[in-house]
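Enquirer: My questions will all concern the structure given below.
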Amino acid sequence: MEHDLHLRDRVGLQDFVLLEDYNNEDEFIENLRKRFNKDIIYTYIGPVLVSVNPYKELPIYSQEYIETYRGEAFYELPPHIYAVADTAYRSMLSEKRDHCVLISGESGAGKTEASKKILHYLAEASRRTADVDRVKERLLQSNPVLEAFGNAKTNRNDNSSRFGKYMDIQFNFKGVPVGGHILNYLLEKSRVVHQAAGERNFHIFYQLLAGADEKTLQRLHLQADPDVYFYLKQGGSSQVASINDARDFKVAKNGLEVIDFSEKEQSDLFAIVAAVLHLGNMEFDEDANHQTIVIASEHATSIAQLLGCPEDVLKKALTYKSIEARGEKVHSPLNVEQAVYARDALAKAVYERMFTWLVNKINRSLAFEEQRGQTLMGLLDIYGFEIFQTNSFEQFCINFCNEKLQQLVIELTLKSEQEEYLREGIEWEPVEYFNNKIICDLIEEKHRGIIAILDEECLLPGETTDATFLSKMEDTIGQHPHFRGHKMARKQISRQEFQLRHYAGEVMYNVNGFLDKNNDLLFRGLKEAMIETTNSITSTVFTQAEIESKKRPDTAGTQFKVSLSQLMVILMSKEPSYIRCIKPNDSKRPAIFSEAIVRHQVKYLGLMENLRVRRAGFAYKRNYDFFVHRYKSLCPATWPHYHGDAKDGVRLICEHLHFDASDYKLGKSKIFVRSPKTLFETEDALQARKHELATLLGATYRGYRQRRCYRQMQAAVTNIAKYWRRLAAQRLLARRRHAATVLRRFVKGFMTRHQSLSLDNSEFLQYVRREYLMRLAKQVPRSVLDKSWPRCPSSLRKTDDLLRPLCTRTLVRHYVRSLSPDQKNQLEQKVIAEVIFKGKKQSYQHSIPHYFLDHRLPEGTSAAILAHFEAKVKPGDEKTTYSTVVTKYDRHGYQSRSWILLTTNAALYLLEEKNLKLKHRVPYSSIKGISVSSLADSVFVTHIIPDTKKDKGDIILESAWLIETVTKICIVSKKVDMVHLEESGSICHTMADGKTGIIEFLHGEEPQITKSKNGTLTVVTTANGYSNGY
């Protein structure tokens, strides 16, 4: 590891433990990026291997690499998956203790490939005989078989494992693989009946259609086109460029033969796969008697032939629900929706049980009975933490599994660190880390955990739903710090969701389908139909004992919890090694490093937490012999030859390099260096030293002189330190005595603080008052809007009652005095606008931040228009108060015209914009009222008191600044209450001769004002308003 440290700026560090700022996530990711850009995909965190998927073939897995890493010490060569495999293998043989390799990461990160590489290395590293080669071949060939039936193409990975897998490889006392055993967890069986857009069903379906010969397809009643089958075409991606289904089918079929599957077993296996496809194409409808019937009978016939089941029994089981009560069997008909549910449930159950049978068959093929001298090497290929747009029951189980694994990893990491410290005689310092036991308990605790609540809802009689389950969770664990429901965060969390705060971040789960997926119910009639089949697999996995059993089967959640607990026991009994897989991008392309995607995985894989635990003590540990051999040239006492004790040599080097005493510790066989900076400086010094060795003779005298000076300084420092320590100790004693006296008075005062003032508590109360006033001076509100107030001690309540209103009055006075006349005028106008429009007009809120202006005429013509109005239109004794451009709509044809509205202290004026001709002068006494709609439009109607000579009806106007314009008119006319907000959606206005017209207000996508066919004026406005509407 050390030989590349001087290249760290170019290719990064081989071990994250050597990061100087190990709490900095940016430095962590930058180190990953540097190595990825140089096609270096492996990096250590202590003994943990971090692997970044390169999405391309790298020439680092050849036989030459296997030989290079075989038998070498873990840190002697650059990080590699072969180093992890070799260390675990050799440790297993030497210590006679079971080992396991935990591989985790999200879909597409390369977990499956990593497990293949470890299997390949173990097969190549062990001895070769005919029997051994047969076992190795079966172990290796089990992978393509399990991938065919358990992997699928997802949007993140073209070969994503949709189940968790733990494989134990059995070795005899010679280190030769002699057998194996596989455990599978949580197969994503919902994929059998539904796939998201861009995804596929399990590989075996497509492989069978693409790779089977014509005779086999005819026997299975199948067509080669996958888009013919409903269960295969939902994702819309039957063909994938990176997948050769025909070739993979041959590989899988060869694997079945190697693992000793007979022709009959293979035939029955593919018959079940075909039957599932036919099940997906079965359709249901109602007959004249409203009874559900099967309308795609040819598929039912094919299923009956493939599974050896009576066709009428199968159809009846899919359309009727069988219930046994008091010894009598009752058949109740299913509706079409229930029949589809039964069909999908049967397809999922058949496929899941077939997969379990397949794993058990592989285990029987790999079984080795001899137990004497046997050791195990476990490989755990488990799904990583998942956060999708919509997270359901499957993601809940997967993330629960990752919580348990994270808990295990941290515990085992701390344990291994403590054991090493204990062996070396180094004092163990407690490590602060996030203990996610609280989250695991939240999920799995008896009677109160989420799984227990879910099981209880599933067992309750009556109408239990996902909503009742969510409600019960909120009532039971709603106050848990790692749980949030709709009641606690109504804006962030919908009624169908709840949120868990995992170690990797917050995840929102949608409860829809939780009860169904946890119940995992299969109707009794369907089980009975499967029991009657002649297919050797279905007749084995569906048993009569299951029907006769009175015990309710465990729910899916409980089964998974129990399996997970058993897995934890298995892993705790073994010596662990860890591989953390990361995918660099979502596009599955090489040479692309997406920082956001990598940062997300670094978080949920707990890599920073792992690094903090590793770095809690010392960053660098090395045997004394190695350290002296590498760095002896840096110390004259060990250069050029050193024949003394290695530990003493290390001490000499550290002292010569001026290592701070707190930066390193010497154990029994190793040196422990706390800071990577110290190691970097040492390594940099070594690189520089290599260039200085040629001038060693010339530097000898200078070295002697500096050593003598150093000894003199050291003696002087020691002498000075001796006297200084004496003086410091005397001062410390005096301070402690004084402190004891003060503390005694303080404690006595605290104990009598509620009594009347006395010698015992006077100083304490004085201190409390002073501290409160000091705190109040810092925390006193700075704004009228700030209603906070520091809590006061009981002895100052009267003072607090006086200070609080005094502070409020002072703040109000300062605020009022700070207002300018213009601001005061604006506030007065805004207050009137609030009285008129708040809560009544949709566009009111948008007008609040805008100042009300006295004139809103175009800048180029404003002066000329006002000058003309002052000189030729209004009387001299009137004062102009407001002007703006408006659009006037005729009362008969609703033709729009651009006018100018001006107000004086006596009347409202309307002028034509083109020639400034006066069109209306309306005294305020003649204005009966102003009507405005409640929508976000900019139209208002000025109602005029009827006049027999001049009456032409009401005036319809549109103003881009409606709130401002109407408010100005109300202020100058002193009629604030004359505005009417119409909520009915229409405003009536009068025309000449007493006729009336209607203006309709509507919501629409585009704002517009038009005359409708029925003669009314239609104003269409969007949520943001027709114009500004301010």
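In the structure tokens, chains take the letters A, B, ... in the order shown, each chain's residues start at 1, and ligands count up from 1 in the order shown.
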I need the helix (DSSP H, G or I) residues of segment 235-416 of chain A per DSSP on the backbone, written as a short mmCIF file (atom, residue, chain, number, x, y, z; two decimals) with N, CA and C atoms, in the first residue's frame.

Expert:
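And here is the file that came out, part-v2.cif:
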```cif
data_model
loop_
_atom_site.label_atom_id
_atom_site.label_comp_id
_atom_site.auth_asym_id
_atom_site.auth_seq_id
_atom_site.Cartn_x
_atom_site.Cartn_y
_atom_site.Cartn_z
N ASP A 245 -30.70 -14.08 -25.44
CA ASP A 245 -31.53 -15.05 -24.73
C ASP A 245 -31.31 -16.48 -25.23
N ALA A 246 -31.13 -16.64 -26.54
CA ALA A 246 -30.94 -17.99 -27.09
C ALA A 246 -29.65 -18.62 -26.56
N ARG A 247 -28.57 -17.83 -26.53
CA ARG A 247 -27.30 -18.35 -26.01
C ARG A 247 -27.41 -18.64 -24.52
N ASP A 248 -28.05 -17.72 -23.77
CA ASP A 248 -28.19 -17.91 -22.33
C ASP A 248 -29.03 -19.13 -21.99
N PHE A 249 -30.01 -19.46 -22.86
CA PHE A 249 -30.83 -20.65 -22.61
C PHE A 249 -29.97 -21.92 -22.70
N LYS A 250 -29.08 -21.93 -23.66
CA LYS A 250 -28.19 -23.09 -23.79
C LYS A 250 -27.28 -23.21 -22.56
N VAL A 251 -26.79 -22.05 -22.06
CA VAL A 251 -25.93 -22.07 -20.88
C VAL A 251 -26.71 -22.57 -19.67
N ALA A 252 -27.94 -22.07 -19.51
CA ALA A 252 -28.76 -22.49 -18.36
C ALA A 252 -29.10 -23.98 -18.45
N LYS A 253 -29.44 -24.45 -19.68
CA LYS A 253 -29.79 -25.86 -19.85
C LYS A 253 -28.58 -26.75 -19.57
N ASN A 254 -27.41 -26.29 -20.00
CA ASN A 254 -26.18 -27.04 -19.70
C ASN A 254 -25.93 -27.08 -18.20
N GLY A 255 -26.21 -25.96 -17.51
CA GLY A 255 -26.06 -25.93 -16.07
C GLY A 255 -26.98 -26.91 -15.37
N LEU A 256 -28.24 -27.03 -15.86
CA LEU A 256 -29.18 -27.99 -15.28
C LEU A 256 -28.65 -29.42 -15.43
N GLU A 257 -28.05 -29.71 -16.58
CA GLU A 257 -27.51 -31.05 -16.80
C GLU A 257 -26.31 -31.32 -15.89
N VAL A 258 -25.44 -30.30 -15.72
CA VAL A 258 -24.27 -30.47 -14.86
C VAL A 258 -24.69 -30.70 -13.41
N GLU A 263 -33.94 -35.51 -17.38
CA GLU A 263 -34.75 -35.00 -18.50
C GLU A 263 -36.18 -34.74 -18.04
N LYS A 264 -36.70 -35.64 -17.20
CA LYS A 264 -38.07 -35.48 -16.69
C LYS A 264 -38.19 -34.23 -15.83
N GLU A 265 -37.21 -34.00 -14.98
CA GLU A 265 -37.25 -32.80 -14.13
C GLU A 265 -37.13 -31.53 -14.97
N GLN A 266 -36.27 -31.54 -15.97
CA GLN A 266 -36.16 -30.37 -16.85
C GLN A 266 -37.45 -30.13 -17.60
N SER A 267 -38.05 -31.23 -18.10
CA SER A 267 -39.31 -31.10 -18.84
C SER A 267 -40.40 -30.52 -17.95
N ASP A 268 -40.51 -31.01 -16.72
CA ASP A 268 -41.53 -30.50 -15.80
C ASP A 268 -41.24 -29.05 -15.41
N LEU A 269 -39.96 -28.73 -15.29
CA LEU A 269 -39.57 -27.35 -14.95
C LEU A 269 -40.03 -26.39 -16.04
N PHE A 270 -39.72 -26.71 -17.30
CA PHE A 270 -40.12 -25.83 -18.39
C PHE A 270 -41.64 -25.86 -18.60
N ALA A 271 -42.29 -26.95 -18.24
CA ALA A 271 -43.76 -27.01 -18.34
C ALA A 271 -44.39 -26.00 -17.38
N ILE A 272 -43.80 -25.85 -16.20
CA ILE A 272 -44.32 -24.86 -15.24
C ILE A 272 -44.10 -23.44 -15.78
N VAL A 273 -42.92 -23.18 -16.34
CA VAL A 273 -42.65 -21.86 -16.93
C VAL A 273 -43.68 -21.55 -18.02
N ALA A 274 -43.97 -22.52 -18.88
CA ALA A 274 -44.96 -22.32 -19.94
C ALA A 274 -46.34 -22.13 -19.36
N ALA A 275 -46.68 -22.90 -18.32
CA ALA A 275 -48.00 -22.78 -17.70
C ALA A 275 -48.22 -21.38 -17.14
N VAL A 276 -47.18 -20.80 -16.56
CA VAL A 276 -47.29 -19.43 -16.03
C VAL A 276 -47.61 -18.45 -17.16
N LEU A 277 -46.96 -18.62 -18.33
CA LEU A 277 -47.25 -17.74 -19.47
C LEU A 277 -48.69 -17.90 -19.92
N HIS A 278 -49.17 -19.13 -19.98
CA HIS A 278 -50.57 -19.36 -20.37
C HIS A 278 -51.53 -18.78 -19.34
N LEU A 279 -51.17 -18.86 -18.06
CA LEU A 279 -52.02 -18.27 -17.03
C LEU A 279 -52.22 -16.76 -17.27
N GLY A 280 -51.15 -16.09 -17.67
CA GLY A 280 -51.24 -14.66 -17.90
C GLY A 280 -52.17 -14.30 -19.04
N SER A 297 -60.32 -20.34 -23.36
CA SER A 297 -60.28 -21.74 -22.92
C SER A 297 -59.05 -22.47 -23.42
N GLU A 298 -58.50 -22.05 -24.58
CA GLU A 298 -57.35 -22.78 -25.10
C GLU A 298 -56.16 -22.71 -24.16
N HIS A 299 -56.03 -21.59 -23.43
CA HIS A 299 -54.92 -21.47 -22.47
C HIS A 299 -55.17 -22.34 -21.25
N ALA A 300 -56.44 -22.43 -20.81
CA ALA A 300 -56.76 -23.32 -19.69
C ALA A 300 -56.47 -24.77 -20.05
N THR A 301 -56.79 -25.14 -21.31
CA THR A 301 -56.51 -26.50 -21.79
C THR A 301 -55.00 -26.77 -21.78
N SER A 302 -54.22 -25.77 -22.24
CA SER A 302 -52.76 -25.94 -22.27
C SER A 302 -52.21 -26.11 -20.86
N ILE A 303 -52.71 -25.31 -19.91
CA ILE A 303 -52.23 -25.40 -18.53
C ILE A 303 -52.55 -26.78 -17.95
N ALA A 304 -53.78 -27.23 -18.20
CA ALA A 304 -54.19 -28.54 -17.68
C ALA A 304 -53.30 -29.65 -18.22
N GLN A 305 -52.94 -29.56 -19.50
CA GLN A 305 -52.08 -30.58 -20.10
C GLN A 305 -50.66 -30.49 -19.57
N LEU A 306 -50.16 -29.27 -19.41
CA LEU A 306 -48.77 -29.10 -18.97
C LEU A 306 -48.57 -29.52 -17.51
N LEU A 307 -49.54 -29.23 -16.65
CA LEU A 307 -49.41 -29.56 -15.24
C LEU A 307 -50.07 -30.89 -14.87
N GLU A 311 -59.00 -29.99 -16.37
CA GLU A 311 -59.30 -28.63 -16.83
C GLU A 311 -60.48 -28.04 -16.08
N ASP A 312 -61.53 -28.84 -15.85
CA ASP A 312 -62.71 -28.30 -15.17
C ASP A 312 -62.38 -27.92 -13.72
N VAL A 313 -61.49 -28.68 -13.09
CA VAL A 313 -61.08 -28.35 -11.71
C VAL A 313 -60.32 -27.02 -11.70
N LEU A 314 -59.45 -26.83 -12.69
CA LEU A 314 -58.67 -25.59 -12.76
C LEU A 314 -59.59 -24.39 -12.98
N LYS A 315 -60.55 -24.52 -13.94
CA LYS A 315 -61.45 -23.41 -14.22
C LYS A 315 -62.30 -23.07 -13.01
N LYS A 316 -62.80 -24.10 -12.34
CA LYS A 316 -63.64 -23.86 -11.17
C LYS A 316 -62.83 -23.19 -10.06
N ALA A 317 -61.58 -23.60 -9.89
CA ALA A 317 -60.75 -23.01 -8.85
C ALA A 317 -60.46 -21.54 -9.12
N LEU A 318 -60.42 -21.17 -10.42
CA LEU A 318 -60.15 -19.78 -10.78
C LEU A 318 -61.39 -18.90 -10.72
N THR A 319 -62.57 -19.49 -10.73
CA THR A 319 -63.81 -18.69 -10.76
C THR A 319 -64.65 -18.86 -9.51
N VAL A 336 -65.16 -10.87 -11.78
CA VAL A 336 -64.06 -10.86 -12.76
C VAL A 336 -62.78 -10.35 -12.12
N GLU A 337 -62.89 -9.30 -11.32
CA GLU A 337 -61.69 -8.73 -10.69
C GLU A 337 -61.05 -9.74 -9.73
N GLN A 338 -61.88 -10.45 -8.96
CA GLN A 338 -61.35 -11.45 -8.03
C GLN A 338 -60.73 -12.62 -8.77
N ALA A 339 -61.32 -12.98 -9.93
CA ALA A 339 -60.76 -14.08 -10.72
C ALA A 339 -59.38 -13.72 -11.25
N VAL A 340 -59.21 -12.46 -11.70
CA VAL A 340 -57.90 -12.00 -12.17
C VAL A 340 -56.89 -12.04 -11.02
N TYR A 341 -57.34 -11.61 -9.83
CA TYR A 341 -56.46 -11.67 -8.65
C TYR A 341 -56.05 -13.11 -8.37
N ALA A 342 -57.03 -14.04 -8.44
CA ALA A 342 -56.73 -15.46 -8.18
C ALA A 342 -55.74 -16.00 -9.21
N ARG A 343 -55.93 -15.60 -10.48
CA ARG A 343 -55.01 -16.05 -11.54
C ARG A 343 -53.59 -15.58 -11.26
N ASP A 344 -53.45 -14.28 -10.93
CA ASP A 344 -52.11 -13.74 -10.66
C ASP A 344 -51.50 -14.36 -9.40
N ALA A 345 -52.33 -14.59 -8.38
CA ALA A 345 -51.82 -15.21 -7.15
C ALA A 345 -51.32 -16.62 -7.43
N LEU A 346 -52.04 -17.36 -8.28
CA LEU A 346 -51.61 -18.71 -8.62
C LEU A 346 -50.29 -18.67 -9.38
N ALA A 347 -50.17 -17.73 -10.33
CA ALA A 347 -48.94 -17.64 -11.11
C ALA A 347 -47.75 -17.33 -10.21
N LYS A 348 -47.92 -16.40 -9.26
CA LYS A 348 -46.82 -16.04 -8.36
C LYS A 348 -46.47 -17.21 -7.44
N ALA A 349 -47.50 -17.88 -6.91
CA ALA A 349 -47.25 -18.97 -5.98
C ALA A 349 -46.55 -20.14 -6.67
N VAL A 350 -47.01 -20.48 -7.88
CA VAL A 350 -46.40 -21.60 -8.61
C VAL A 350 -44.94 -21.29 -8.92
N TYR A 351 -44.67 -20.06 -9.38
CA TYR A 351 -43.29 -19.71 -9.75
C TYR A 351 -42.39 -19.66 -8.51
N GLU A 352 -42.90 -19.08 -7.42
CA GLU A 352 -42.08 -18.98 -6.21
C GLU A 352 -41.75 -20.36 -5.65
N ARG A 353 -42.74 -21.25 -5.60
CA ARG A 353 -42.48 -22.58 -5.05
C ARG A 353 -41.58 -23.39 -5.99
N MET A 354 -41.73 -23.16 -7.30
CA MET A 354 -40.84 -23.82 -8.25
C MET A 354 -39.40 -23.35 -8.02
N PHE A 355 -39.22 -22.03 -7.75
CA PHE A 355 -37.87 -21.50 -7.53
C PHE A 355 -37.27 -22.09 -6.25
N THR A 356 -38.09 -22.20 -5.20
CA THR A 356 -37.61 -22.81 -3.95
C THR A 356 -37.23 -24.27 -4.17
N TRP A 357 -38.05 -24.98 -4.95
CA TRP A 357 -37.73 -26.38 -5.28
C TRP A 357 -36.42 -26.45 -6.06
N LEU A 358 -36.22 -25.50 -6.98
CA LEU A 358 -35.00 -25.46 -7.78
C LEU A 358 -33.77 -25.30 -6.89
N VAL A 359 -33.85 -24.37 -5.91
CA VAL A 359 -32.73 -24.15 -5.00
C VAL A 359 -32.47 -25.41 -4.17
N ASN A 360 -33.53 -26.04 -3.70
CA ASN A 360 -33.37 -27.27 -2.91
C ASN A 360 -32.75 -28.39 -3.74
N LYS A 361 -33.14 -28.45 -5.02
CA LYS A 361 -32.57 -29.47 -5.91
C LYS A 361 -31.07 -29.23 -6.10
N ILE A 362 -30.69 -27.95 -6.27
CA ILE A 362 -29.26 -27.63 -6.40
C ILE A 362 -28.52 -28.00 -5.13
N ASN A 363 -29.15 -27.74 -3.98
CA ASN A 363 -28.51 -28.08 -2.69
C ASN A 363 -28.30 -29.59 -2.57
N ARG A 364 -29.27 -30.38 -3.04
CA ARG A 364 -29.09 -31.83 -2.98
C ARG A 364 -27.94 -32.27 -3.87
N SER A 365 -27.77 -31.57 -5.01
CA SER A 365 -26.68 -31.89 -5.92
C SER A 365 -25.32 -31.54 -5.32
N LEU A 366 -25.30 -30.45 -4.48
CA LEU A 366 -24.04 -29.98 -3.91
C LEU A 366 -23.77 -30.58 -2.53
N PHE A 393 -44.06 -2.86 -0.24
CA PHE A 393 -43.72 -3.88 0.74
C PHE A 393 -42.35 -4.49 0.46
N GLU A 394 -42.03 -4.70 -0.85
CA GLU A 394 -40.75 -5.31 -1.19
C GLU A 394 -39.58 -4.43 -0.74
N GLN A 395 -39.68 -3.10 -1.00
CA GLN A 395 -38.61 -2.19 -0.59
C GLN A 395 -38.51 -2.12 0.94
N PHE A 396 -39.67 -2.22 1.61
CA PHE A 396 -39.68 -2.23 3.09
C PHE A 396 -38.85 -3.41 3.61
N CYS A 397 -39.09 -4.62 3.04
CA CYS A 397 -38.34 -5.80 3.48
C CYS A 397 -36.86 -5.69 3.14
N ILE A 398 -36.57 -5.21 1.92
CA ILE A 398 -35.18 -5.07 1.48
C ILE A 398 -34.42 -4.10 2.38
N ASN A 399 -35.03 -2.96 2.68
CA ASN A 399 -34.36 -1.97 3.50
C ASN A 399 -34.23 -2.43 4.96
N PHE A 400 -35.20 -3.22 5.43
CA PHE A 400 -35.08 -3.84 6.76
C PHE A 400 -33.87 -4.78 6.79
N CYS A 401 -33.72 -5.55 5.73
CA CYS A 401 -32.56 -6.46 5.62
C CYS A 401 -31.27 -5.67 5.68
N ASN A 402 -31.20 -4.54 4.98
CA ASN A 402 -29.98 -3.73 4.97
C ASN A 402 -29.73 -3.09 6.33
N GLU A 403 -30.80 -2.73 7.06
CA GLU A 403 -30.62 -2.22 8.41
C GLU A 403 -29.93 -3.28 9.29
N LYS A 404 -30.42 -4.53 9.19
CA LYS A 404 -29.84 -5.61 9.99
C LYS A 404 -28.37 -5.85 9.60
N LEU A 405 -28.10 -5.81 8.29
CA LEU A 405 -26.73 -6.04 7.84
C LEU A 405 -25.81 -4.90 8.27
N GLN A 406 -26.32 -3.66 8.21
CA GLN A 406 -25.51 -2.53 8.66
C GLN A 406 -25.20 -2.66 10.14
N GLN A 407 -26.19 -3.07 10.92
CA GLN A 407 -25.98 -3.29 12.35
C GLN A 407 -24.91 -4.36 12.58
N LEU A 408 -25.00 -5.44 11.79
CA LEU A 408 -24.04 -6.53 11.91
C LEU A 408 -22.64 -6.07 11.54
N VAL A 409 -22.55 -5.33 10.42
CA VAL A 409 -21.23 -4.88 9.94
C VAL A 409 -20.55 -4.00 10.97
N ILE A 410 -21.29 -3.03 11.51
CA ILE A 410 -20.69 -2.13 12.49
C ILE A 410 -20.26 -2.90 13.73
N GLU A 411 -21.12 -3.83 14.20
CA GLU A 411 -20.77 -4.60 15.39
C GLU A 411 -19.52 -5.44 15.15
N LEU A 412 -19.46 -6.12 14.00
CA LEU A 412 -18.30 -6.98 13.72
C LEU A 412 -17.04 -6.14 13.49
N THR A 413 -17.21 -4.97 12.85
CA THR A 413 -16.06 -4.10 12.63
C THR A 413 -15.49 -3.62 13.96
N LEU A 414 -16.38 -3.17 14.85
CA LEU A 414 -15.91 -2.74 16.16
C LEU A 414 -15.26 -3.90 16.91
N LYS A 415 -15.86 -5.09 16.78
CA LYS A 415 -15.32 -6.25 17.48
C LYS A 415 -13.91 -6.58 17.01
N SER A 416 -13.70 -6.58 15.67
CA SER A 416 -12.38 -6.90 15.13
C SER A 416 -11.35 -5.85 15.53
#
```

Enquirer: Once DSSP has gone over the backbone, tell me which residues of segment 829-983 of chain A are in strand (DSSP E), as a count of residues only.

Expert: 55

Enquirer: Quick one: residues within 10 Å of Gly893 of chain A, only C-alpha atoms counted, chain neighbours fewer than 4 positions away excluded, as number ranges by chain?

Expert: A: 889, 1011, 1015-1017

Enquirer: Hey, what's within 10 Å of Asp381 of chain A if we count only C-alpha atoms and toss same-chain stuff fewer than 6 positions away? As a list in words, please?

Expert: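 The filter keeps Val101, Leu102, Ile103, Ser104, Gly105, Lys111, Thr112, Glu113, Ala114, Ser115, Ser161, Phe163, Gly164, Lys165, Tyr166, Met167, Asn184 and Ile579 of chain A.
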
Enquirer: Point out the residue among A:Phe514, A:Tyr620, A:Phe869, A:Phe368 with the least atom-to-atom distance to Pro177 of chain A, counting only C-alpha atoms.

Expert: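 Distance minimum relative to Pro177 of chain A lands on A:Phe368.
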
Enquirer: Which residue gives the smallest distance to Phe498 of chain A among A:Gln829, A:Gln223, A:Asn512, A:Ser986, with only C-alpha atoms counted?

Expert: A:Asn512

Enquirer: Would you work out the distance separating atom CA of Gly71 of chain A from atom CA of Gln687 of chain A, expressed in Å to one decimal?

Expert: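 Between atom CA of Gly71 of chain A and atom CA of Gln687 of chain A the gap works out to 28.5 Å.
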
Enquirer: What is the atom CA of Gly46 of chain A to atom CA of Phe680 of chain A distance in Å?

Expert: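 A separation of 16.7 Å between them.
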
Enquirer: Any idea what the distance is between atom CA of Pro47 of chain A and atom CA of Asn23 of chain A?

Expert: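 Going from atom CA of Pro47 of chain A over to atom CA of Asn23 of chain A, I get 18.6 Å.
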
Enquirer: Show me, as a PyMOL selection string, the residues that have an atom within 7 Å of Phe618 of chain A when counting only C-alpha atoms, minus same-chain residues fewer than 5 positions from it.

Expert: chain A and resi 672-675
